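Visitor: Contents of protein06.txt (compact mmCIF, C-alpha atoms) are given next:
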# COMPACT_ATOMS: atom_id res chain seq x y z
CA MET A 5 112.18 83.47 76.36
CA VAL A 6 113.90 84.01 79.75
CA LEU A 7 112.73 81.82 82.61
CA THR A 8 113.64 82.12 86.28
CA VAL A 9 113.29 78.98 88.37
CA SER A 10 113.41 78.59 92.14
CA SER A 11 115.01 75.14 92.36
CA ALA A 12 117.46 73.20 90.25
CA ASN A 13 115.68 70.03 91.34
CA THR A 14 112.41 71.00 89.71
CA THR A 15 111.68 69.11 86.53
CA LEU A 16 110.04 71.44 84.03
CA PRO A 17 108.35 70.52 80.73
CA ALA A 18 110.54 70.19 77.67
CA LEU A 19 110.60 73.26 75.43
CA LEU A 20 109.05 71.89 72.24
CA THR A 21 107.20 74.92 70.86
CA PRO A 22 109.09 76.45 67.92
CA PRO A 23 109.84 80.17 67.90
CA THR A 24 107.15 82.14 66.10
CA SER A 25 109.62 84.01 63.93
CA VAL A 26 113.02 83.25 62.45
CA ASP A 27 115.51 85.78 61.15
CA PRO A 28 115.18 85.67 57.32
CA LYS A 29 118.95 85.32 56.93
CA TYR A 30 118.73 81.87 58.57
CA ARG A 31 116.12 80.57 56.15
CA ILE A 32 118.42 78.63 53.87
CA LEU A 33 115.96 78.16 51.04
CA ASP A 34 115.15 81.88 50.96
CA ASN A 35 118.78 82.78 50.39
CA LEU A 36 119.78 80.62 47.43
CA THR A 37 121.90 81.83 44.57
CA LYS A 38 120.55 81.53 41.02
CA ASP A 39 122.93 78.65 40.33
CA GLN A 40 121.82 76.83 43.47
CA SER A 41 118.16 77.22 42.55
CA LYS A 42 118.92 75.93 39.07
CA SER A 43 120.72 72.88 40.51
CA ILE A 44 117.81 72.13 42.81
CA LYS A 45 115.35 72.20 39.93
CA GLU A 46 117.61 69.98 37.81
CA LEU A 47 118.00 67.41 40.57
CA GLN A 48 114.27 67.38 41.24
CA GLN A 49 113.50 66.80 37.58
CA ARG A 50 115.98 63.93 37.40
CA ILE A 51 114.36 62.26 40.41
CA ARG A 52 110.86 62.74 38.98
CA ASP A 53 112.02 61.20 35.70
CA MET A 54 113.49 58.26 37.62
CA PHE A 55 110.15 57.61 39.31
CA VAL A 56 108.39 57.76 35.92
CA ARG A 57 110.75 55.12 34.55
CA GLY A 58 109.99 53.06 37.64
CA ASN A 59 112.67 50.41 37.28
CA GLU A 60 115.65 51.69 39.28
CA LEU A 61 114.47 51.17 42.85
CA HIS A 62 113.60 47.82 44.34
CA GLY A 63 111.19 46.90 47.10
CA VAL A 64 107.89 48.29 48.32
CA PRO A 65 107.68 52.08 47.91
CA LEU A 66 107.30 54.17 51.02
CA ARG A 67 104.29 56.43 51.31
CA ASP A 68 104.93 59.82 49.64
CA GLU A 69 108.55 58.92 48.88
CA GLU A 70 108.61 60.87 45.59
CA ALA A 71 107.19 63.95 47.28
CA TRP A 72 109.84 63.64 50.02
CA ALA A 73 112.68 63.20 47.53
CA THR A 74 111.72 66.22 45.43
CA THR A 75 111.24 68.84 48.15
CA ASP A 76 113.53 71.85 48.05
CA GLU A 77 114.85 70.89 51.47
CA CYS A 78 115.84 67.36 50.46
CA SER A 79 117.38 68.55 47.22
CA TRP A 80 119.40 71.26 48.96
CA ARG A 81 120.70 68.90 51.63
CA PHE A 82 122.00 66.34 49.13
CA LEU A 83 123.41 69.03 46.86
CA LYS A 84 125.11 70.86 49.71
CA ALA A 85 126.69 67.61 50.92
CA ASN A 86 128.04 67.05 47.41
CA LYS A 87 129.24 70.61 46.78
CA PHE A 88 126.32 71.21 44.40
CA ASN A 89 127.52 68.59 41.95
CA VAL A 90 124.18 67.42 40.54
CA ASN A 91 125.50 64.06 39.33
CA LYS A 92 126.95 63.17 42.73
CA ALA A 93 123.88 64.44 44.56
CA GLU A 94 121.62 62.33 42.35
CA ALA A 95 123.70 59.20 42.98
CA ALA A 96 123.68 59.82 46.74
CA LEU A 97 119.94 60.46 46.83
CA MET A 98 119.27 57.30 44.82
CA LYS A 99 121.24 55.25 47.37
CA THR A 100 119.24 56.84 50.17
CA LEU A 101 115.92 56.14 48.47
CA GLN A 102 116.89 52.47 48.17
CA TRP A 103 118.05 52.41 51.81
CA ARG A 104 114.77 53.96 52.91
CA ARG A 105 112.78 51.24 51.11
CA GLU A 106 114.82 48.60 52.90
CA PHE A 107 115.08 50.15 56.36
CA ARG A 108 111.68 51.94 56.25
CA PRO A 109 112.47 54.77 58.69
CA THR A 110 109.05 56.40 58.42
CA GLU A 111 107.45 53.26 59.81
CA ILE A 112 109.44 53.16 63.06
CA THR A 113 106.90 53.73 65.84
CA PRO A 114 107.43 55.37 69.24
CA GLU A 115 106.66 52.05 70.90
CA GLU A 116 109.61 50.42 69.11
CA VAL A 117 112.12 52.88 70.55
CA GLU A 118 110.57 54.00 73.84
CA GLU A 119 112.87 51.78 75.90
CA GLU A 120 115.85 53.78 74.65
CA PHE A 121 114.30 57.05 75.81
CA LYS A 122 113.60 55.85 79.36
CA SER A 123 117.17 56.32 80.60
CA GLY A 124 117.27 59.93 79.44
CA LYS A 125 120.11 59.21 77.04
CA ALA A 126 118.57 61.72 74.66
CA PHE A 127 115.71 64.20 74.78
CA TRP A 128 114.57 67.27 72.89
CA SER A 129 114.18 70.64 74.60
CA GLY A 130 114.86 74.19 73.51
CA TYR A 131 115.94 76.03 70.37
CA ASP A 132 119.23 77.63 69.40
CA LYS A 133 119.71 81.22 68.25
CA ILE A 134 118.95 80.25 64.66
CA GLY A 135 115.72 78.50 65.60
CA ARG A 136 116.93 74.91 65.31
CA PRO A 137 115.51 72.41 67.84
CA VAL A 138 118.07 71.05 70.30
CA ILE A 139 118.52 67.40 71.22
CA HIS A 140 120.50 66.70 74.40
CA LEU A 141 122.57 63.52 74.61
CA ALA A 142 124.09 62.03 77.77
CA SER A 143 127.25 60.33 76.50
CA SER A 144 127.52 58.01 79.51
CA LYS A 145 124.03 56.59 78.87
CA LEU A 146 124.23 55.93 75.13
CA LYS A 147 125.29 52.29 75.33
CA SER A 148 122.32 50.04 74.66
CA SER A 149 121.55 46.39 75.33
CA ASP A 150 119.93 46.22 71.88
CA SER A 151 122.05 47.73 69.10
CA ALA A 152 119.33 47.29 66.45
CA ARG A 153 116.82 49.13 68.62
CA PHE A 154 119.35 51.86 69.35
CA GLN A 155 119.91 52.38 65.63
CA LYS A 156 116.15 52.75 65.16
CA PHE A 157 116.12 55.18 68.09
CA ILE A 158 118.67 57.45 66.40
CA ILE A 159 116.86 57.26 63.07
CA PHE A 160 113.48 57.92 64.70
CA ASN A 161 114.87 61.16 66.12
CA LEU A 162 116.41 62.22 62.82
CA GLU A 163 113.33 61.30 60.82
CA ASN A 164 110.91 63.21 63.04
CA SER A 165 113.05 66.21 63.97
CA SER A 166 111.50 68.36 61.24
CA LYS A 167 108.20 68.28 63.14
CA LEU A 168 109.88 70.31 65.87
CA CYS A 169 111.27 72.92 63.47
CA PRO A 170 109.80 76.36 62.85
CA GLU A 171 108.92 77.29 59.29
CA GLY A 172 112.02 77.75 57.15
CA ILE A 173 114.30 75.68 59.40
CA PHE A 174 115.14 72.01 58.84
CA GLN A 175 118.44 71.44 60.64
CA VAL A 176 118.98 70.53 64.29
CA THR A 177 121.47 71.26 67.04
CA ARG A 178 122.92 68.53 69.24
CA THR A 179 124.49 68.85 72.68
CA GLY A 180 126.50 66.15 74.37
CA HIS A 181 127.60 65.91 77.99
CA ALA A 182 130.69 63.85 78.77
CA LYS A 183 130.12 63.66 82.54
CA GLY A 184 130.48 60.05 83.72
CA LEU A 185 131.62 58.77 80.31
CA THR A 186 134.02 55.83 80.43
CA MET A 187 135.33 53.34 77.90
CA PHE A 188 132.67 50.91 79.14
CA ASN A 189 129.41 52.89 79.12
CA GLY A 190 129.75 54.79 75.87
CA LEU A 191 129.04 53.66 72.33
CA SER A 192 131.55 51.25 70.87
CA ILE A 193 133.73 52.50 68.02
CA PRO A 194 132.04 50.19 65.45
CA GLU A 195 128.59 51.40 66.54
CA SER A 196 129.70 55.02 66.37
CA ILE A 197 131.19 54.58 62.91
CA LYS A 198 127.97 52.97 61.68
CA LEU A 199 125.88 55.84 63.00
CA VAL A 200 128.16 58.47 61.48
CA SER A 201 127.83 56.69 58.15
CA ILE A 202 124.03 56.64 58.37
CA VAL A 203 123.79 60.31 59.31
CA GLN A 204 126.21 61.50 56.64
CA SER A 205 124.86 59.26 53.88
CA HIS A 206 121.12 59.37 54.49
CA TYR A 207 120.56 62.54 56.54
CA PRO A 208 123.18 64.89 55.05
CA GLU A 209 123.14 68.44 56.36
CA LYS A 210 120.50 67.55 58.93
CA LEU A 211 122.98 68.48 61.66
CA GLY A 212 123.41 72.22 61.90
CA CYS A 213 125.53 72.44 65.05
CA SER A 214 126.97 70.11 67.68
CA ILE A 215 128.28 71.18 71.11
CA ASP A 216 130.06 68.76 73.43
CA PHE A 217 130.27 70.01 77.01
CA ASP A 218 133.03 69.23 79.49
CA PRO A 219 135.05 66.86 77.26
CA THR A 220 137.10 64.21 79.06
CA TRP A 221 140.11 62.17 77.98
CA VAL A 222 137.72 59.37 76.92
CA MET A 223 135.85 61.73 74.64
CA TRP A 224 139.14 62.97 73.17
CA ALA A 225 140.24 59.40 72.51
CA VAL A 226 136.97 58.50 70.80
CA SER A 227 136.75 61.74 68.81
CA SER A 228 140.31 61.34 67.53
CA ILE A 229 139.11 58.17 65.83
CA MET A 230 135.63 59.30 64.83
CA THR A 231 136.66 62.51 63.09
CA THR A 232 138.63 60.44 60.57
CA PHE A 233 135.27 59.07 59.36
CA MET A 234 133.62 62.49 59.08
CA ASP A 235 133.58 64.78 56.08
CA ASP A 236 134.88 68.34 56.44
CA SER A 237 131.38 69.80 56.56
CA THR A 238 130.40 67.64 59.52
CA LYS A 239 133.66 68.30 61.38
CA SER A 240 133.27 72.05 60.99
CA LYS A 241 130.00 71.89 62.96
CA LEU A 242 131.53 70.20 66.01
CA HIS A 243 132.14 72.55 68.92
CA LEU A 244 133.44 72.15 72.46
CA ALA A 245 132.37 74.06 75.55
CA SER A 246 132.38 74.05 79.31
CA SER A 247 129.27 74.08 81.46
CA LYS A 248 131.19 76.42 83.79
CA PRO A 249 131.64 79.99 82.50
CA GLY A 250 135.21 81.11 81.99
CA VAL A 251 136.76 77.65 81.70
CA GLN A 252 136.90 77.34 77.91
CA ALA A 253 139.80 79.61 77.06
CA GLY A 254 142.06 78.04 79.66
CA LYS A 255 141.50 74.59 78.17
CA ARG A 256 142.84 75.50 74.75
CA ASP A 257 146.24 73.87 74.68
CA SER A 258 148.27 71.47 72.59
CA SER A 259 146.63 68.40 74.19
CA ASN A 260 143.37 69.46 72.58
CA SER A 261 144.79 69.63 69.08
CA LYS A 262 141.85 67.62 67.72
CA ALA A 263 139.67 70.67 68.36
CA LYS A 264 141.56 72.41 65.57
CA GLU A 265 140.07 69.99 63.05
CA THR A 266 136.55 70.96 64.13
CA GLY A 267 134.61 74.12 64.90
CA GLY A 268 136.77 74.42 68.04
CA TRP A 269 136.05 75.74 71.50
CA VAL A 270 133.15 78.13 72.07
CA ASP A 271 134.03 80.93 74.49
CA ASN A 272 130.42 81.98 74.96
CA VAL A 273 127.84 79.27 74.41
CA GLU A 274 125.09 81.88 74.50
CA GLU A 275 126.25 83.01 71.07
CA LEU A 276 124.78 79.70 69.87
CA VAL A 277 122.04 78.86 72.39
CA ASP A 278 120.41 81.23 74.85
CA ALA A 279 120.83 80.21 78.50
CA SER A 280 117.05 80.03 78.87
CA GLN A 281 117.04 77.18 76.35
CA LEU A 282 119.81 75.14 77.99
CA PRO A 283 119.50 72.81 81.00
CA ILE A 284 121.17 73.99 84.20
CA TYR A 285 123.65 71.11 84.07
CA LEU A 286 124.97 72.52 80.78
CA GLY A 287 125.38 75.98 82.23
CA GLY A 288 121.93 77.23 81.24
CA THR A 289 119.03 78.44 83.38
CA TYR A 290 116.31 75.97 82.42
CA SER A 291 115.68 73.44 85.15
CA ILE A 292 115.10 70.15 83.37
CA GLN A 293 116.26 66.60 83.99
CA TYR A 294 114.63 64.02 81.78
CA ASP A 295 111.74 62.27 83.51
CA HIS A 296 110.10 59.73 81.25
CA ASN A 297 106.78 59.99 83.06
CA VAL A 298 106.73 63.74 82.47
CA HIS A 299 108.39 64.22 79.09
CA TRP A 300 107.62 61.20 76.92
CA LYS A 301 103.94 61.76 76.20
CA PRO A 302 104.23 65.47 75.16
CA PHE A 303 107.15 64.58 72.88
CA VAL A 304 105.23 61.79 71.15
CA GLU A 305 102.19 64.02 70.75
CA ARG A 306 104.40 66.65 69.11
CA VAL A 307 106.21 64.42 66.61
CA TRP A 308 103.92 61.46 66.05
CA ASN A 309 100.28 61.97 66.99
CA GLN A 310 99.51 64.64 64.40
If you convert what's in this file into structure tokens, what do you get?

Guide:
Amino acid sequence: MVLTVSSANTTLPALLTPPTSVDPKYRILDNLTKDQSKSIKELQQRIRDMFVRGNELHGVPLRDEEAWATTDECSWRFLKANKFNVNKAEAALMKTLQWRREFRPTEITPEEVEEEFKSGKAFWSGYDKIGRPVIHLASSKLKSSDSARFQKFIIFNLENSSKLCPEGIFQVTRTGHAKGLTMFNGLSIPESIKLVSIVQSHYPEKLGCSIDFDPTWVMWAVSSIMTTFMDDSTKSKLHLASSKPGVQAGKRDSSNSKAKETGGWVDNVEELVDASQLPIYLGGTYSIQYDHNVHWKPFVERVWNQ
């Protein structure tokens, strides 16, 4: 979808309607090997057997937790994160099932996290070339006055992201914008480490791609620490880009050596996300700046009121 707008100051609706078709090669579960399919079935049977025994998890069960834990998507994500080692995937999934009973992510309501959305620190709009929904983060606005609420905010987005996905897609793409980021308005290192741990442990392979635009020295300093807490799979999905065409290649120098540990610089962002799906401030053509009065209600209706 290509959209021409007359003014960069116009706030348009968020793009929350999934594409009607996805290239079959991007449907992960339709392109499994025989061994992968066998591993998925084995893991699912082990989890079903665990629920039959009924004595390995503690606390009040979540609604439909067995059905969630034995989907092909869930099984693939935990297996992929553990290099298709069924024993390791089972252990990791068991830890997540226990965490979910304790933290109860499916019971986090929009009202509990709305305050975090008001600043525009994160909002969903658009889809990448694969069909994954895109969440846009403003790095300079991420710091919260309530760390517990912020953690729920991140988990609420992860937990409900699948409701924005087209059929056959279950990963997401994240963009980050470093404009205005300082050592004082970004997330603290301990908070960042905690969030990385939650995402990697309990939402493995949920992230499909991450693009940080216009990185600054502060972002480099933080990322040099944070990448040490990321597994190789996560690091490989981290990309860097400029919101100004033609700037990327010139920025590749020895001072950006940390980029070599990740997916690196992207010369042409449109290889990943069409310009019509990106906000103007990220170099796209879609004129959107988060306005809570405009964007909150349609988002909630899409992911919650169904």

Visitor: Considering all atoms listed in the file, return as a tab-separated table (two decimals) with C-alpha atoms, in the coordinates of the input whatever protein or nucleic-acid residues lie within 12 Å of segment 64-72 of chain A, sequence-local ones (same chain, fewer than 6 positions apart) excluded.

Guide:
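Dumped everything to out.tsv:
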chain	number	residue	atom	x	y	z
A	48	GLN	CA	114.27	67.38	41.24
A	49	GLN	CA	113.50	66.80	37.58
A	50	ARG	CA	115.98	63.93	37.40
A	51	ILE	CA	114.36	62.26	40.41
A	52	ARG	CA	110.86	62.74	38.98
A	53	ASP	CA	112.02	61.20	35.70
A	54	MET	CA	113.49	58.26	37.62
A	55	PHE	CA	110.15	57.61	39.31
A	56	VAL	CA	108.39	57.76	35.92
A	58	GLY	CA	109.99	53.06	37.64
A	78	CYS	CA	115.84	67.36	50.46
A	79	SER	CA	117.38	68.55	47.22
A	97	LEU	CA	119.94	60.46	46.83
A	98	MET	CA	119.27	57.30	44.82
A	100	THR	CA	119.24	56.84	50.17
A	101	LEU	CA	115.92	56.14	48.47
A	102	GLN	CA	116.89	52.47	48.17
A	103	TRP	CA	118.05	52.41	51.81
A	104	ARG	CA	114.77	53.96	52.91
A	105	ARG	CA	112.78	51.24	51.11
A	106	GLU	CA	114.82	48.60	52.90
A	107	PHE	CA	115.08	50.15	56.36
A	108	ARG	CA	111.68	51.94	56.25
A	109	PRO	CA	112.47	54.77	58.69
A	110	THR	CA	109.05	56.40	58.42
A	111	GLU	CA	107.45	53.26	59.81
A	163	GLU	CA	113.33	61.30	60.82

Visitor: Using all atoms listed in the file, pick whichever of A:Gln40, A:Ser148, A:Ser280, A:Ser291 has the shortest atom-to-atom distance to Phe188 of chain A.

Guide: A:Ser148

Visitor: Each residue of segment 103-197 of chain A lying at most 12 Å from segment 231-244 of chain A should get a row with its shortest atom-to-atom pair and the distance in Å to one decimal, counting all atoms listed in the file; could you produce that, ordered by chain and increasing number, as a tab-separated table?

Guide:
residue	atom	partner	partner_atom	distance
A:Gln175	CA	A:Lys241	CA	11.8
A:Val176	CA	A:Lys241	CA	11.2
A:Thr177	CA	A:Lys241	CA	9.5
A:Arg178	CA	A:Leu242	CA	9.3
A:Thr179	CA	A:His243	CA	9.3
A:Gly180	CA	A:Leu244	CA	9.4
A:His181	CA	A:Leu244	CA	10.2
A:Ala182	CA	A:Leu244	CA	10.8
A:Ile193	CA	A:Phe233	CA	11.0
A:Pro194	CA	A:Phe233	CA	11.2
A:Ser196	CA	A:Phe233	CA	9.8
A:Ile197	CA	A:Phe233	CA	7.0

Visitor: Provide the atom CA of Thr24 of chain A to atom CA of Trp300 of chain A distance in Å, to one decimal place.

Guide: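 Taking atom CA of Thr24 of chain A and atom CA of Trp300 of chain A, their separation equals 23.6 Å.
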
Visitor: Could you please determine the separation between atom CA of Ile44 of chain A and atom CA of Ile112 of chain A in Å, to one decimal place?

Guide: 29.0 Å

Visitor: I need the residue nearest Asp39 of chain A from this list: A:Ile173, A:Ile292, A:Val90, A:Val307. Use all atoms listed in the file for the distance.

Guide: A:Val90

Visitor: To one decimal place in Å, what is the distance between atom CA of Val270 of chain A and atom CA of Thr220 of chain A?

Guide: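 Separation of atom CA of Val270 of chain A and atom CA of Thr220 of chain A: 16.1 Å.
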
Visitor: Which is closest to Val203 of chain A among A:Leu168, A:Asp271, A:Arg81, A:Val304, if we use all atoms listed in the file?

Guide: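 The shortest atom-to-atom distance to Val203 of chain A comes from A:Arg81.
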
Visitor: Which is closest to Trp80 of chain A among A:Glu195, A:Glu118, A:Glu275, A:Asp34, if we use all atoms listed in the file?

Guide: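 Residue with the minimum atom-to-atom distance to Trp80 of chain A: A:Asp34.
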
Visitor: Using only C-alpha atoms, find each residue of segment 139-183 of chain A with at least one atom at most 8 Å away from an atom of segment 122-133 of chain A; report its shortest atom-to-atom pair and that distance in Å (one decimal), sort the rows by chain and rising residue number, and return the result as a Markdown table.

Guide:
| residue | atom | partner | partner_atom | distance |
| --- | --- | --- | --- | --- |
| A:Ile139 | CA | A:Trp128 | CA | 4.3 |
| A:His140 | CA | A:Ala126 | CA | 5.3 |
| A:Leu141 | CA | A:Ala126 | CA | 4.4 |
| A:Ala142 | CA | A:Lys125 | CA | 4.9 |
| A:Ser143 | CA | A:Lys125 | CA | 7.2 |
| A:Ser144 | CA | A:Lys125 | CA | 7.9 |
| A:Lys145 | CA | A:Lys125 | CA | 5.1 |
| A:Leu146 | CA | A:Lys125 | CA | 5.6 |
| A:Thr177 | CA | A:Asp132 | CA | 7.2 |

Visitor: Counting all atoms listed in the file, which residue out of A:Glu77, A:Lys38, A:Lys87, A:Pro170 sits closest to Ser25 of chain A?

Guide: A:Pro170

Visitor: Which of these residues is nearest to Gly190 of chain A, using all atoms listed in the file: A:Trp308, A:Lys147, A:Glu209, A:Phe174?

Guide: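 Smallest distance to Gly190 of chain A is found for A:Lys147.
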